[in-house]
>>> print(open('input18.csv').read())   # CSV, C-alpha atoms and all ligand atoms
chain,number,residue,atom,x,y,z
Y,32,MET,CA,18.8,26.6,-49.5
Y,33,THR,CA,22.1,26.5,-47.6
Y,34,VAL,CA,22.0,26.3,-43.8
Y,35,ARG,CA,24.8,28.2,-42.1
Y,36,LEU,CA,26.1,26.4,-38.9
Y,37,GLY,CA,28.6,27.0,-36.2
Y,38,LEU,CA,30.1,24.4,-33.9
Y,39,ILE,CA,31.0,24.9,-30.2
Y,40,GLY,CA,33.1,22.1,-28.6
Y,41,ALA,CA,35.7,20.5,-31.0
Y,42,GLY,CA,36.4,17.4,-28.9
Y,43,ALA,CA,35.7,13.8,-29.9
Y,44,VAL,CA,32.0,14.2,-30.5
Y,45,GLY,CA,32.1,17.7,-31.8
Y,46,ALA,CA,34.6,16.5,-34.5
Y,47,ARG,CA,32.2,13.7,-35.4
Y,48,HIS,CA,29.3,16.1,-35.9
Y,49,ALA,CA,31.5,18.6,-37.8
Y,50,ARG,CA,32.6,15.9,-40.3
Y,51,THR,CA,29.1,14.8,-40.8
Y,52,LEU,CA,27.7,18.3,-41.3
Y,53,ALA,CA,30.6,19.2,-43.6
Y,54,GLY,CA,29.5,16.3,-45.8
Y,55,PHE,CA,26.0,17.7,-46.3
Y,56,GLU,CA,25.6,19.6,-49.6
Y,57,ASP,CA,23.1,22.1,-48.1
Y,58,VAL,CA,25.3,22.9,-45.1
Y,59,GLU,CA,28.0,25.6,-44.7
Y,60,LEU,CA,30.0,25.3,-41.6
Y,61,VAL,CA,31.0,28.9,-40.9
Y,62,GLY,CA,33.0,28.6,-37.7
Y,63,ILE,CA,34.4,26.2,-35.1
Y,64,CYS,CA,35.0,27.3,-31.6
Y,65,ASP,CA,36.6,25.7,-28.5
Y,66,PRO,CA,38.3,27.2,-25.4
Y,67,ALA,CA,41.1,24.6,-26.2
Y,68,ARG,CA,42.4,26.5,-29.2
Y,69,PRO,CA,44.5,23.6,-30.6
Y,70,ALA,CA,41.4,21.4,-30.8
Y,71,ALA,CA,39.4,24.1,-32.6
Y,72,GLU,CA,42.3,24.9,-34.9
Y,73,ALA,CA,43.0,21.2,-35.9
Y,74,LEU,CA,39.4,20.6,-36.8
Y,75,ALA,CA,39.1,23.9,-38.6
Y,76,VAL,CA,42.1,23.2,-40.7
Y,77,GLU,CA,40.9,19.6,-41.4
Y,78,LEU,CA,37.6,20.9,-42.7
Y,79,ASP,CA,38.8,24.1,-44.2
Y,80,VAL,CA,36.5,26.1,-41.9
Y,81,PRO,CA,37.4,29.3,-40.0
Y,82,ARG,CA,38.2,29.0,-36.3
Y,83,ALA,CA,35.9,31.2,-34.3
Y,84,GLU,CA,37.1,33.0,-31.1
Y,85,ASP,CA,33.8,32.7,-29.2
Y,86,LEU,CA,30.0,32.5,-29.4
Y,87,GLU,CA,29.7,36.2,-30.1
Y,88,SER,CA,31.9,36.0,-33.2
Y,89,LEU,CA,29.9,33.0,-34.4
Y,90,VAL,CA,26.7,35.0,-33.9
Y,91,ARG,CA,28.2,38.0,-35.7
Y,92,SER,CA,29.1,35.8,-38.7
Y,93,GLY,CA,25.4,35.2,-39.3
Y,94,VAL,CA,24.8,31.5,-38.4
Y,95,ASP,CA,21.3,30.0,-38.7
Y,96,ALA,CA,22.0,27.5,-35.8
Y,97,LEU,CA,24.7,26.1,-33.5
Y,98,TRP,CA,25.8,22.6,-32.6
Y,99,LEU,CA,26.9,22.6,-28.9
Y,100,CYS,CA,29.2,19.6,-28.2
Y,101,VAL,CA,30.6,20.5,-24.8
Y,102,PRO,CA,31.0,18.3,-21.7
Y,103,PRO,CA,28.1,18.0,-19.2
Y,104,PHE,CA,29.5,20.6,-16.8
Y,105,ALA,CA,29.8,23.3,-19.5
Y,106,HIS,CA,26.0,23.6,-20.1
Y,107,GLY,CA,23.8,26.4,-18.8
Y,108,GLU,CA,25.2,29.9,-19.5
Y,109,LEU,CA,26.1,28.7,-23.0
Y,110,GLU,CA,22.6,27.7,-24.0
Y,111,LEU,CA,21.1,30.8,-22.3
Y,112,ALA,CA,23.4,33.0,-24.4
Y,113,VAL,CA,22.4,31.1,-27.5
Y,114,VAL,CA,18.7,31.5,-26.6
Y,115,ARG,CA,19.2,35.3,-26.1
Y,116,ALA,CA,20.8,35.4,-29.6
Y,117,GLY,CA,17.5,33.8,-30.9
Y,118,LEU,CA,19.3,30.8,-32.4
Y,119,PRO,CA,18.1,27.2,-32.7
Y,120,PHE,CA,20.6,24.7,-31.4
Y,121,PHE,CA,21.6,21.0,-31.4
Y,122,VAL,CA,23.0,20.0,-28.1
Y,123,GLU,CA,24.8,16.8,-27.1
Y,124,LYS,CA,23.4,14.6,-24.3
Y,125,PRO,CA,23.2,14.9,-21.3
Y,126,LEU,CA,21.5,18.3,-21.0
Y,127,ALA,CA,23.7,19.0,-18.0
Y,128,ALA,CA,25.6,17.3,-15.1
Y,129,ASP,CA,22.6,18.0,-12.9
Y,130,LEU,CA,18.9,18.7,-13.0
Y,131,LEU,CA,18.9,22.4,-12.0
Y,132,VAL,CA,20.9,23.6,-15.0
Y,133,ALA,CA,18.9,21.3,-17.4
Y,134,ARG,CA,15.6,22.7,-16.1
Y,135,ARG,CA,16.8,26.3,-16.5
Y,136,VAL,CA,17.9,25.7,-20.1
Y,137,ALA,CA,14.6,23.9,-20.9
Y,138,ASP,CA,12.5,26.7,-19.4
Y,139,ALA,CA,14.5,29.3,-21.5
Y,140,VAL,CA,14.1,27.3,-24.7
Y,141,ALA,CA,10.3,26.8,-24.1
Y,142,ALA,CA,9.9,30.6,-23.4
Y,143,ALA,CA,11.7,31.5,-26.6
Y,144,GLY,CA,10.0,28.8,-28.7
Y,145,LEU,CA,13.2,27.9,-30.5
Y,146,PRO,CA,13.6,24.6,-32.4
Y,147,THR,CA,16.2,22.3,-30.7
Y,148,ALA,CA,17.6,18.8,-31.1
Y,149,THR,CA,19.7,16.6,-28.9
Y,150,GLY,CA,22.2,13.8,-29.3
Y,151,TYR,CA,19.8,11.0,-28.3
Y,152,HIS,CA,20.5,9.4,-31.7
Y,153,TRP,CA,19.4,5.9,-30.8
Y,154,ARG,CA,15.8,6.9,-31.6
Y,155,HIS,CA,16.8,7.2,-35.2
Y,156,LEU,CA,17.6,3.5,-35.5
Y,157,ASP,CA,15.1,1.7,-37.7
Y,158,THR,CA,15.4,-1.3,-35.3
Y,159,VAL,CA,13.9,0.9,-32.6
Y,160,GLU,CA,10.8,1.5,-34.8
Y,161,GLU,CA,10.7,-2.3,-35.6
Y,162,ALA,CA,10.9,-3.2,-31.9
Y,163,ARG,CA,8.2,-0.7,-31.1
Y,164,MET,CA,5.9,-2.3,-33.7
Y,165,ALA,CA,6.6,-5.7,-32.2
Y,166,VAL,CA,5.3,-4.6,-28.8
Y,167,SER,CA,2.6,-2.4,-30.1
Y,168,GLY,CA,-0.8,-3.2,-28.5
Y,169,ARG,CA,0.9,-5.4,-25.9
Y,170,PRO,CA,1.3,-4.0,-22.4
Y,171,VAL,CA,5.0,-3.7,-21.4
Y,172,ARG,CA,5.5,-5.4,-18.0
Y,173,LEU,CA,9.3,-5.3,-17.6
Y,174,VAL,CA,12.4,-3.5,-18.9
Y,175,ASP,CA,16.0,-4.3,-18.1
Y,176,ALA,CA,18.5,-1.8,-19.3
Y,177,ARG,CA,22.3,-1.7,-18.9
Y,178,TRP,CA,25.5,0.1,-19.8
Y,179,TRP,CA,28.6,-2.0,-18.9
Y,180,GLY,CA,31.8,-0.5,-20.2
Y,181,ALA,CA,35.1,1.2,-19.5
Y,182,THR,CA,36.0,4.5,-17.8
Y,183,PRO,CA,36.4,7.1,-20.7
Y,184,PRO,CA,39.8,8.8,-20.8
Y,185,SER,CA,38.5,12.5,-20.6
Y,186,ALA,CA,39.4,13.8,-17.1
Y,187,TRP,CA,36.0,15.4,-16.6
Y,188,TRP,CA,34.3,12.0,-17.0
Y,189,SER,CA,35.6,10.6,-13.7
Y,190,ARG,CA,34.3,13.4,-11.6
Y,191,GLU,CA,30.6,13.2,-10.8
Y,192,ASP,CA,30.2,16.9,-10.5
Y,193,ARG,CA,31.7,17.3,-14.0
Y,194,SER,CA,30.0,14.5,-15.9
Y,195,GLY,CA,27.0,13.7,-13.8
Y,196,GLY,CA,28.3,10.1,-13.4
Y,197,GLN,CA,27.9,7.1,-15.6
Y,198,VAL,CA,24.1,6.9,-15.4
Y,199,VAL,CA,23.6,10.5,-16.4
Y,200,GLU,CA,26.4,10.6,-19.1
Y,201,GLN,CA,26.2,7.1,-20.7
Y,202,ALA,CA,23.1,5.1,-19.6
Y,203,THR,CA,21.0,8.1,-20.5
Y,204,HIS,CA,20.9,6.7,-24.1
Y,205,VAL,CA,19.2,3.5,-22.9
Y,206,LEU,CA,17.0,5.3,-20.3
Y,207,ASP,CA,15.7,7.4,-23.2
Y,208,LEU,CA,14.5,4.2,-24.9
Y,209,VAL,CA,13.2,2.8,-21.6
Y,210,ARG,CA,10.8,5.8,-21.6
Y,211,LEU,CA,10.0,5.2,-25.3
Y,212,PHE,CA,9.0,1.6,-24.7
Y,213,ALA,CA,7.4,1.6,-21.2
Y,214,GLY,CA,6.4,5.2,-20.5
Y,215,GLU,CA,7.3,7.4,-17.6
Y,216,VAL,CA,9.0,6.1,-14.4
Y,217,VAL,CA,7.5,7.5,-11.2
Y,218,GLU,CA,9.9,6.1,-8.6
Y,219,VAL,CA,13.4,4.7,-8.3
Y,220,VAL,CA,15.3,2.8,-5.6
Y,221,GLY,CA,19.0,1.9,-6.1
Y,222,ALA,CA,22.4,1.2,-4.8
Y,223,ALA,CA,26.0,1.9,-5.9
Y,224,ALA,CA,29.3,0.1,-5.6
Y,225,PRO,CA,31.6,3.0,-4.7
Y,226,SER,CA,34.6,3.8,-6.8
Y,227,SER,CA,37.7,1.6,-6.3
Y,228,ALA,CA,39.8,3.8,-8.6
Y,229,GLU,CA,42.1,6.6,-7.5
Y,230,GLY,CA,41.0,9.9,-9.0
Y,231,ARG,CA,37.5,8.7,-10.0
Y,232,ASP,CA,34.5,9.4,-7.7
Y,233,VAL,CA,32.0,8.0,-10.3
Y,234,ALA,CA,30.8,4.6,-8.9
Y,235,ASP,CA,32.3,1.3,-10.1
Y,236,ALA,CA,28.7,0.1,-10.6
Y,237,THR,CA,25.1,1.1,-10.0
Y,238,ALA,CA,21.9,-0.9,-9.9
Y,239,ALA,CA,18.4,0.5,-9.7
Y,240,VAL,CA,14.8,-0.7,-9.7
Y,241,LEU,CA,12.2,1.4,-11.6
Y,242,ARG,CA,8.5,1.7,-11.0
Y,243,PHE,CA,6.5,3.0,-14.0
Y,244,GLY,CA,3.2,4.9,-14.0
Y,245,SER,CA,1.7,2.1,-16.0
Y,246,GLY,CA,2.4,-0.4,-13.2
Y,247,ALA,CA,5.3,-2.0,-15.1
Y,248,VAL,CA,8.7,-2.5,-13.4
Y,249,GLY,CA,12.2,-2.3,-14.6
Y,250,THR,CA,15.9,-2.5,-13.7
Y,251,VAL,CA,18.9,-0.5,-14.9
Y,252,SER,CA,22.6,-1.2,-14.2
Y,253,THR,CA,25.9,0.4,-15.1
Y,254,SER,CA,29.5,-0.4,-14.6
Y,255,CYS,CA,32.7,1.3,-15.8
Y,256,VAL,CA,35.3,-1.2,-14.6
Y,257,LEU,CA,35.6,-3.2,-17.9
Y,258,PRO,CA,38.3,-2.8,-20.5
Y,259,ALA,CA,35.7,-1.9,-23.2
Y,260,LEU,CA,32.0,-1.6,-23.8
Y,261,THR,CA,30.6,-5.1,-23.4
Y,262,ALA,CA,26.8,-4.5,-23.0
Y,263,ALA,CA,24.8,-1.4,-23.7
Y,264,GLY,CA,21.1,-1.8,-24.5
Y,265,LEU,CA,17.8,-3.0,-23.1
Y,266,ASP,CA,15.4,-5.9,-23.0
Y,267,VAL,CA,11.7,-5.3,-23.0
Y,268,VAL,CA,9.1,-7.9,-21.9
Y,269,ALA,CA,5.5,-7.4,-23.1
Y,270,ASP,CA,2.6,-9.8,-23.1
Y,271,GLY,CA,3.7,-12.6,-25.4
Y,272,VAL,CA,6.9,-11.0,-26.8
Y,273,SER,CA,10.4,-10.1,-25.7
Y,274,VAL,CA,12.8,-7.7,-27.4
Y,275,HIS,CA,16.6,-7.4,-27.0
Y,276,LEU,CA,17.9,-4.1,-28.5
Y,277,THR,CA,21.4,-2.7,-28.8
Y,278,GLU,CA,22.8,0.0,-31.0
Y,279,THR,CA,23.9,-2.6,-33.5
Y,280,GLY,CA,21.2,-5.3,-33.3
Y,281,LEU,CA,17.7,-6.4,-32.5
Y,282,ARG,CA,16.2,-9.7,-31.5
Y,283,ILE,CA,12.5,-10.3,-31.2
Y,284,ARG,CA,11.1,-13.5,-29.7
Y,285,THR,CA,7.5,-14.7,-29.7
Y,286,PRO,CA,6.3,-18.2,-29.1
Y,287,ALA,CA,6.0,-18.6,-33.0
Y,288,ARG,CA,9.4,-17.2,-34.1
Y,289,GLU,CA,12.7,-15.6,-33.3
Y,290,HIS,CA,13.7,-12.7,-35.5
Y,291,ARG,CA,17.2,-11.1,-35.6
Y,292,THR,CA,18.2,-8.0,-37.5
Y,293,GLU,CA,20.6,-5.1,-37.7
Y,294,PRO,CA,20.0,-1.4,-38.2
Y,295,SER,CA,20.2,-0.2,-41.8
Y,296,VAL,CA,20.4,3.4,-40.7
Y,297,ASP,CA,23.5,5.3,-39.5
Y,298,ALA,CA,21.7,6.9,-36.5
Y,299,ARG,CA,24.7,9.2,-35.7
Y,300,ARG,CA,24.4,10.7,-39.1
Y,301,ALA,CA,20.6,10.6,-39.2
Y,302,VAL,CA,20.3,12.8,-36.1
Y,303,ASP,CA,22.3,15.6,-37.7
Y,304,ARG,CA,20.4,15.2,-41.0
Y,305,ALA,CA,17.1,15.4,-39.3
Y,306,PHE,CA,17.8,18.7,-37.5
Y,307,VAL,CA,19.3,20.2,-40.7
Y,308,ASP,CA,16.1,19.3,-42.4
Y,309,VAL,CA,14.1,21.2,-39.7
Y,310,LEU,CA,16.4,24.2,-40.1
Y,311,ALA,CA,15.8,24.1,-43.9
Y,312,GLY,CA,12.1,24.3,-43.3
Y,313,GLY,CA,11.2,20.6,-43.5
Y,314,GLN,CA,9.2,18.3,-41.2
Y,315,ALA,CA,10.7,17.1,-37.9
Y,316,SER,CA,11.6,13.4,-38.1
Y,317,PRO,CA,9.8,11.4,-35.4
Y,318,GLY,CA,13.2,10.3,-34.1
Y,319,LEU,CA,14.2,13.9,-33.1
Y,320,VAL,CA,14.4,14.5,-29.4
Y,321,ASP,CA,14.2,18.2,-28.6
Y,322,VAL,CA,15.3,19.8,-25.3
Y,323,ALA,CA,11.8,19.5,-23.8
Y,324,GLU,CA,11.7,15.7,-24.4
Y,325,ALA,CA,15.4,15.2,-23.4
Y,326,LEU,CA,14.6,16.9,-20.1
Y,327,HIS,CA,12.3,13.9,-19.2
Y,328,THR,CA,15.1,11.5,-19.9
Y,329,HIS,CA,17.5,13.6,-17.9
Y,330,GLN,CA,15.0,13.7,-15.0
Y,331,LEU,CA,14.9,9.9,-15.0
Y,332,ALA,CA,18.7,9.6,-15.2
Y,333,CYS,CA,19.2,12.1,-12.4
Y,334,ALA,CA,16.6,10.2,-10.3
Y,335,VAL,CA,18.5,6.9,-10.9
Y,336,ALA,CA,21.8,8.4,-10.1
Y,337,ARG,CA,20.4,10.0,-6.9
Y,338,ALA,CA,18.7,6.8,-5.8
Y,339,ALA,CA,21.9,4.8,-6.3
Y,340,ARG,CA,24.0,7.4,-4.5
Y,341,THR,CA,21.8,7.9,-1.5
Y,342,GLY,CA,19.9,4.6,-1.1
Y,343,ALA,CA,16.7,6.6,-0.8
Y,344,THR,CA,13.5,6.2,-2.8
Y,345,VAL,CA,13.5,9.0,-5.3
Y,346,ARG,CA,10.5,10.3,-7.2
Y,347,VAL,CA,11.4,11.3,-10.8
Y,348,GLY,CA,11.7,15.1,-11.0
Y,349,ASP,CA,12.7,15.6,-7.4
Y,350,GLY,CA,15.6,18.0,-7.0
Y,351,GLU,CA,14.6,20.1,-10.0
Y,352,ARG,CA,14.3,23.3,-8.0
Y,353,SER,CA,17.0,22.5,-5.5
Y,354,PRO,CA,20.5,20.8,-5.8
Y,355,HIS,CA,20.2,17.0,-6.1
Y,401,LIG,N1,25.7,11.1,-28.6
Y,401,LIG,C1,26.7,10.3,-28.4
Y,401,LIG,O1,26.8,9.2,-28.9
Y,401,LIG,C2,27.9,10.8,-27.6
Y,401,LIG,C3,29.1,10.1,-27.6
Y,401,LIG,C4,30.1,10.6,-26.8
Y,401,LIG,C5,30.0,11.8,-26.1
Y,401,LIG,N2,28.8,12.5,-26.2
Y,401,LIG,C6,28.6,13.7,-25.4
Y,401,LIG,O2,29.2,14.8,-26.0
Y,401,LIG,C7,29.7,15.7,-25.1
Y,401,LIG,C8,31.2,15.9,-25.4
Y,401,LIG,O3,31.9,14.7,-25.3
Y,401,LIG,P1,33.3,14.5,-25.9
Y,401,LIG,O4,33.6,13.0,-25.9
Y,401,LIG,O5,33.4,15.2,-27.2
Y,401,LIG,O6,34.2,15.3,-24.9
Y,401,LIG,P2,35.7,15.8,-25.1
Y,401,LIG,O7,36.3,16.0,-23.8
Y,401,LIG,O8,36.4,15.0,-26.2
Y,401,LIG,O9,35.5,17.2,-25.8
Y,401,LIG,C9,34.8,18.3,-25.2
Y,401,LIG,C10,35.3,19.6,-25.9
Y,401,LIG,O10,34.5,20.6,-25.3
Y,401,LIG,C11,35.4,21.7,-25.0
Y,401,LIG,N3,34.9,22.5,-24.0
Y,401,LIG,C12,34.9,22.4,-22.7
Y,401,LIG,N4,34.3,23.4,-22.0
Y,401,LIG,C13,33.8,24.2,-23.0
Y,401,LIG,C14,33.0,25.4,-23.0
Y,401,LIG,N5,32.6,25.9,-21.9
Y,401,LIG,N6,32.7,25.9,-24.2
Y,401,LIG,C15,33.1,25.3,-25.4
Y,401,LIG,N7,33.8,24.2,-25.4
Y,401,LIG,C16,34.1,23.6,-24.3
Y,401,LIG,C17,36.7,21.0,-24.6
Y,401,LIG,O11,37.8,21.9,-24.7
Y,401,LIG,C18,36.8,19.8,-25.5
Y,401,LIG,O12,37.5,20.1,-26.7
Y,401,LIG,C19,29.5,15.0,-23.7
Y,401,LIG,O13,28.3,15.6,-23.1
Y,401,LIG,C20,29.2,13.6,-24.0
Y,401,LIG,O14,28.3,13.0,-23.1
Y,401,LIG,C21,27.8,12.0,-26.9
>>> encode(input="input18.csv", output="structure tokens", more="lines below")
Ligand SMILES: NC(=O)c1ccc[n+]([C@@H]2O[C@H](COP(=O)([O-])OP(=O)(O)OC[C@H]3O[C@@H](n4cnc5c(N)ncnc54)[C@H](O)[C@@H]3O)[C@@H](O)[C@H]2O)c1
Amino acid sequence: MTVRLGLIGAGAVGARHARTLAGFEDVELVGICDPARPAAEALAVELDVPRAEDLESLVRSGVDALWLCVPPFAHGELELAVVRAGLPFFVEKPLAADLLVARRVADAVAAAGLPTATGYHWRHLDTVEEARMAVSGRPVRLVDARWWGATPPSAWWSREDRSGGQVVEQATHVLDLVRLFAGEVVEVVGAAAPSSAEGRDVADATAAVLRFGSGAVGTVSTSCVLPALTAAGLDVVADGVSVHLTETGLRIRTPAREHRTEPSVDARRAVDRAFVDVLAGGQASPGLVDVAEALHTHQLACAVARAARTGATVRVGDGERSPH
């Protein structure tokens, strides 16, 4: 069976997904669309795929599903139109720049019962599964997550109302794993170091304390003032074992041993493969994060961002029905 796919958003990440999908024997890319016509054209020529004018023309060409790789501010109407067309979709993280749009999209997807997947690819790392096994049966007491890096060059990133800010746009990957290891966070307090850069209202740094439903506690910190990514990952402390996990490595320490390993899975490819398998009628891989599950991570990220911005104590999920 060949799965017919269309791509919307031919920027850095859209191009990565398109190249991956074009390499799958059971996928036919039938169109690439982007309001920036040169971006769509360059990728379409590279992959020998037609450029599509808009969503409607992709739908008319008879796609089985769409890959939506647009910036955080561009979500909402796009997904609602895709749902109205009755099409399954893969969407890049974060679900939106805020919580209201993400909730509206998640509600529409749930009502339509469509399969979805999101760009939370870290869950496909085999090291994540190994780390989970290491803490299995041992209560997690503490997590410490971080994303310390540079300010990305895209103009939209530096504007909090466009990107959602660094917690929502970047640290969301590690917050997704925080949930996987320690369960749901109920309450967040935080603080932010305001931007020192002209043209950027995204904070220089944020720090927050998390209180979990289980009674565990955690911390999360971000900064975008470094020349490059220097630390992105999390540490997990459970009874008798600690785990240090990044996208490229895992260290597990117990009193008896220290074990270091690297992933043997290309998670960025695996996330595309897993959703194509679903579209082809196969089983959903346990690593797949659908829109409903991604909403929980987005709720946490928005709570951390809001707590850091306002200094108030924020309950996760607050602001869902009114602007945050
Ligand atoms: N999963 C990951 O590892 C990962 C890594 C980087 C970025 N991302 C996410 O992918 C998304 C895109 O990031 P990027 O780095 O590719 O950004 P980018 O700025 O390089 O590209 C975004 C593209 O979307 C297009 N676009 C803007 N508005 C649109 C709209 N309304 N409809 C269709 N296309 C539109 C732009 O013209 C641009 O070509 C972001 O949400 C980002 O957080 C995910």
>>> atom_distance(input="input18.csv", atom1="atom C14 of ligand LIG 401 (chain Y)", atom2="atom CA of Y:Gly230")
22.4 Å
>>> closest_residue(input="input18.csv", among="Y:Val76, Y:Asp57, Y:Leu281, Y:Arg50", to="Y:Met32", atoms="all atoms listed in the file")
Y:Asp57
>>> residues_near_ligand(input="input18.csv", ligand="ligand LIG 401 (chain Y)", cutoff="6 Å", atoms="all atoms listed in the file", output="JSON, numbers by chain")
{"Y": [39, 40, 41, 42, 43, 44, 45, 65, 66, 67, 70, 100, 101, 102, 103, 105, 123, 124, 125, 150, 151, 185, 200]}
>>> atom_distance(input="input18.csv", atom1="atom CA of Y:Gly264", atom2="atom CA of Y:Thr277")
4.4 Å
>>> atom_distance(input="input18.csv", atom1="atom CA of Y:Ser194", atom2="atom CA of Y:Ala323")
20.5 Å
>>> residues_around(input="input18.csv", residues="Y:Val34", least_positions_apart="4", cutoff="12 Å", atoms="only C-alpha atoms", output="number ranges by chain")
Y: 52-53, 55-61, 93-97, 119, 304, 306-312
>>> residues_around(input="input18.csv", residues="Y:Asp192", least_positions_apart="5", cutoff="12 Å", atoms="all atoms listed in the file", output="list in words")
Pro102, Pro103, Phe104, Ala105, Ala127, Ala128, Asp129, Leu130, Ala186, Trp187, Gln197, Val199, Glu200, Arg231, Asp232, Val233, Ala336, Pro354 and His355 of chain Y
>>> closest_residue(input="input18.csv", among="Y:Trp98, Y:Trp179, Y:Trp188, Y:Phe212", to="Y:Leu276", atoms="only C-alpha atoms")
Y:Phe212
>>> residues_near_point(input="input18.csv", point="(2.6, -5.7, -32.0)", cutoff="12 Å", atoms="all atoms listed in the file", output="PDB file with C-alpha atoms, in the frame of the given file")
ATOM      1  CA  GLU Y 160      10.800   1.500 -34.800  1.00  0.00           C
ATOM      2  CA  GLU Y 161      10.700  -2.300 -35.600  1.00  0.00           C
ATOM      3  CA  ALA Y 162      10.900  -3.200 -31.900  1.00  0.00           C
ATOM      4  CA  ARG Y 163       8.200  -0.700 -31.100  1.00  0.00           C
ATOM      5  CA  MET Y 164       5.900  -2.300 -33.700  1.00  0.00           C
ATOM      6  CA  ALA Y 165       6.600  -5.700 -32.200  1.00  0.00           C
ATOM      7  CA  VAL Y 166       5.300  -4.600 -28.800  1.00  0.00           C
ATOM      8  CA  SER Y 167       2.600  -2.400 -30.100  1.00  0.00           C
ATOM      9  CA  GLY Y 168      -0.800  -3.200 -28.500  1.00  0.00           C
ATOM     10  CA  ARG Y 169       0.900  -5.400 -25.900  1.00  0.00           C
ATOM     11  CA  PRO Y 170       1.300  -4.000 -22.400  1.00  0.00           C
ATOM     12  CA  VAL Y 171       5.000  -3.700 -21.400  1.00  0.00           C
ATOM     13  CA  ALA Y 269       5.500  -7.400 -23.100  1.00  0.00           C
ATOM     14  CA  ASP Y 270       2.600  -9.800 -23.100  1.00  0.00           C
ATOM     15  CA  GLY Y 271       3.700 -12.600 -25.400  1.00  0.00           C
ATOM     16  CA  VAL Y 272       6.900 -11.000 -26.800  1.00  0.00           C
ATOM     17  CA  SER Y 273      10.400 -10.100 -25.700  1.00  0.00           C
ATOM     18  CA  VAL Y 274      12.800  -7.700 -27.400  1.00  0.00           C
ATOM     19  CA  ILE Y 283      12.500 -10.300 -31.200  1.00  0.00           C
ATOM     20  CA  ARG Y 284      11.100 -13.500 -29.700  1.00  0.00           C
ATOM     21  CA  THR Y 285       7.500 -14.700 -29.700  1.00  0.00           C
TER      22      THR Y 285
END
>>> residues_around(input="input18.csv", residues="Y:Thr149", least_positions_apart="3", cutoff="12 Å", atoms="only C-alpha atoms", output="VMD selection string")
chain Y and resid 48 97 to 100 119 to 127 137 146 152 to 155 204 207 299 301 to 303 305 to 306 318 to 326 328 to 329
>>> closest_residue(input="input18.csv", among="Y:Arg210, Y:Arg35, Y:His290, Y:His106", to="Y:Ala176", atoms="only C-alpha atoms")
Y:Arg210
>>> closest_residue(input="input18.csv", among="Y:Ala148, Y:Ala262, Y:Leu331, Y:Ala287", to="Y:Val240", atoms="only C-alpha atoms")
Y:Leu331
>>> closest_residue(input="input18.csv", among="Y:Ser92, Y:Ser254, Y:Thr279, Y:Thr237", to="Y:Asp157", atoms="only C-alpha atoms")
Y:Thr279
>>> residues_around(input="input18.csv", residues="Y:Glu84", least_positions_apart="3", cutoff="8 Å", atoms="all atoms listed in the file", output="list of chain:residue names")
Y:Cys64, Y:Asp65, Y:Ser88, Y:Leu89
>>> residues_around(input="input18.csv", residues="Y:Phe243", least_positions_apart="3", cutoff="6 Å", atoms="all atoms listed in the file", output="list of chain:residue names")
Y:Glu215, Y:Val216, Y:Val217, Y:Gly246, Y:Ala247, Y:Val248
>>> closest_residue(input="input18.csv", among="Y:Ala75, Y:Ala181, Y:Leu208, Y:Val347", to="Y:Cys333", atoms="all atoms listed in the file")
Y:Val347
>>> residues_near_point(input="input18.csv", point="(29.1, 2.9, -23.0)", cutoff="7 Å", atoms="all atoms listed in the file", output="PyMOL selection string")
chain Y and resi 178-180+201+260+263
